[in-house]
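**Student:** Mind looking over this structure? Questions follow.
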Amino acid sequence: MPIEISMHGQVALVTGGGGGIGSVICRKLAQAGARVIITDVNLQAAQAVASSLPGEGHFASDASVDDSAALKKFAAQVAAQYGKLDVLVNCAGVTRQVVHDDLDGLDDELIDRIFRINWRGAFATVRAFKELLAKDAGGTIINISSIAGTTGVGSNVAYCASKAALDSMTRSLARALAPQIRVLSIAPGWVEGEYAKKMDPAMIATQKKLTPLHRLAQADDVANAVLAAAVVLTFSTGDVIHVDGGRPLGV
């Protein structure tokens, strides 16, 4: 029997939806028929994404994932406007390039900001929307992680640790929120987007060469994995799904 990739009648929320990966995830969900709620600290970017999506019923907000009180109010707004939430995608995240042996370069302010957005922000969003996600047949939480959480190789040590913590939270919440809510991590390798464009082209070329599939991920690859997690992999929870072209298998 063919699998129907349809989210008609469903409501999805994407944090960080105004960014490169987040906006492509929003488009993929909307193309499948979902009404998409986009939150981003850059409200103009979020509104631009919302207005560009196919379908109807999309909505943009600047509710910040590091403001628990704002998230609580936002959840009440979503409940009043939509009455439910089927999918939550925690895509909001921050980082900055700091070589791993530069311990002084990784200052306390940056460490705190990375964990406040990348981990606490995802947890706070889940906490705010838990009741909506648990309604009816239950919903799905998808955390956008990174292979840096398992390889320990990434933009900086704190970023790697924040993604490891996010994957650990995925497993913990998958157990705690079952059976009403499924929780999964999507862990890309390098994604060919704005951040990669800032890197040394020779380094990016090396990363492609060391990846068995000989390319970096596209934002569309990540979005496809999100759609599969939401619609197809309905008996999976607590798992980390890698979208990395086999990069850890490289030399």
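By convention here, the chains of the structure tokens are called A, B, ... in the order presented, each chain's residues are numbered starting at 1, and ligands are numbered starting at 1 in the order presented.
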Hey, could you make a per-residue contact list for range 112-202 of chain A against range 18-29 of chain A with 10 Å as the cut-off, showing the nearest pair of atoms and its distance in Å to one decimal, counting only C-alpha atoms, sorted by chain and number, as a tab-separated table?
**Tutor:**
residue	atom	partner	partner_atom	distance
A:Ile144	CA	A:Gly22	CA	9.4
A:Val191	CA	A:Ile21	CA	8.5
A:Glu192	CA	A:Ile21	CA	9.7
A:Gly193	CA	A:Gly20	CA	6.8
A:Glu194	CA	A:Gly20	CA	7.3
A:Tyr195	CA	A:Gly20	CA	9.4
**Student:** Do you have, as JSON lines, the list of residues of range 95-164 of chain A lying at most 6 Å from range 175-183 of chain A, each with its nearest atom pair and that distance in Å to one decimal, counting only C-alpha atoms and ordered by chain then number?
**Tutor:**
{"residue": "A:Ala134", "atom": "CA", "partner": "A:Gln180", "partner_atom": "CA", "distance": 5.4}
{"residue": "A:Gly138", "atom": "CA", "partner": "A:Gln180", "partner_atom": "CA", "distance": 4.5}
{"residue": "A:Gly139", "atom": "CA", "partner": "A:Ile181", "partner_atom": "CA", "distance": 5.0}
{"residue": "A:Thr140", "atom": "CA", "partner": "A:Arg182", "partner_atom": "CA", "distance": 4.7}
{"residue": "A:Ile141", "atom": "CA", "partner": "A:Val183", "partner_atom": "CA", "distance": 4.7}
{"residue": "A:Ile142", "atom": "CA", "partner": "A:Val183", "partner_atom": "CA", "distance": 5.9}
**Student:** Would you save the residues from that selection as a PDB file, in the first residue's frame, using C-alpha atoms?
**Tutor:**
ATOM      1  CA  ALA A 134      -1.290  15.860  23.871  1.00  0.00           C
ATOM      2  CA  GLY A 138      -1.479  13.227  20.207  1.00  0.00           C
ATOM      3  CA  GLY A 139       1.294  15.042  18.394  1.00  0.00           C
ATOM      4  CA  THR A 140       4.941  14.903  17.449  1.00  0.00           C
ATOM      5  CA  ILE A 141       7.936  16.937  18.625  1.00  0.00           C
ATOM      6  CA  ILE A 142      10.891  17.137  16.238  1.00  0.00           C
TER       7      ILE A 142
END
**Student:** For the structure I just gave you, how does DSSP split range 31-221 of chain A - specifically, which residues are helix (DSSP H, G or I)? Reply as number ranges by chain.
**Tutor:** A: 31, 43-52, 68-82, 108-133, 148-151, 157-177, 194-197, 201-210, 219-221
**Student:** Which residues are close to Asp40 in chain A, i.e. within 12 Å by only C-alpha atoms, leaving aside same-chain residues fewer than 4 positions away? Reply as number ranges by chain.
**Tutor:** A: 13-20, 22-23, 44-50, 59-66, 71, 90-93, 117
**Student:** Any chance you could list, as a PyMOL selection string, the residues in range 33-162 of chain A that come up strand (DSSP E or B) when DSSP is run on the backbone?
**Tutor:** chain A and resi 35-39+59-61+87-90+140-144
**Student:** In terms of the shortest atom-to-atom distance over only C-alpha atoms, which of A:Leu103, A:Phe129, A:Gly246, A:Pro188 is closest to Ala225 in chain A?
**Tutor:**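 With only C-alpha atoms as the atom set, the closest residue is A:Pro188.
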**Student:** Closest to Ser146 in chain A among A:His242, A:His58, A:Arg35, A:His214, using only C-alpha atoms?
**Tutor:**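 Among A:His242, A:His58, A:Arg35, A:His214, it is A:His242 that comes nearest to Ser146 in chain A.
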**Student:** Determine, counting only C-alpha atoms, which protein, DNA and RNA residues have an atom within 12 Å of an atom of Ala69 in chain A; residues of the same chain fewer than 3 positions away are not included. Present the result as a PyMOL selection string.
**Tutor:** chain A and resi 63-66+72-76+121+124-125+127-128
**Student:** Would you pick out the contacts of Glu56 in chain A at 9 Å or less, using only C-alpha atoms, so that residues sharing its chain but fewer than 6 positions from it are not included, and give the list as a PyMOL selection string?
**Tutor:** chain A and resi 30+33-36
**Student:** Between CA of Gly189 in chain A and CA of Val11 in chain A, what distance in Å does the model show, to one decimal?
**Tutor:**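 Between CA of Gly189 in chain A and CA of Val11 in chain A the gap is 27.7 Å.
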**Student:** With only C-alpha atoms as the basis for distance, which of A:Ala187, A:Ala80, A:Val157, A:Leu173 is at the shortest distance from Phe123 in chain A?
**Tutor:**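 Distance minimum relative to Phe123 in chain A lands on A:Leu173.
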**Student:** Would you please work out which residue, of A:Val240, A:Val89, A:Leu133, A:Ala12, is nearest to Gly57 in chain A when using only C-alpha atoms?
**Tutor:**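 Answer, going by the shortest atom-to-atom distance: A:Ala12.
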**Student:** Which residue out of A:Lys135, A:Phe235, A:Ala164, A:Asn224 has the minimum interatomic distance to Thr151 in chain A when only C-alpha atoms are used?
**Tutor:**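 Distance minimum relative to Thr151 in chain A lands on A:Ala164.
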**Student:** Can you measure CA of Val126 in chain A to CA of Val94 in chain A for me? One decimal in Å is fine.
**Tutor:**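 Rounded to one decimal, the two atoms are 18.2 Å apart.
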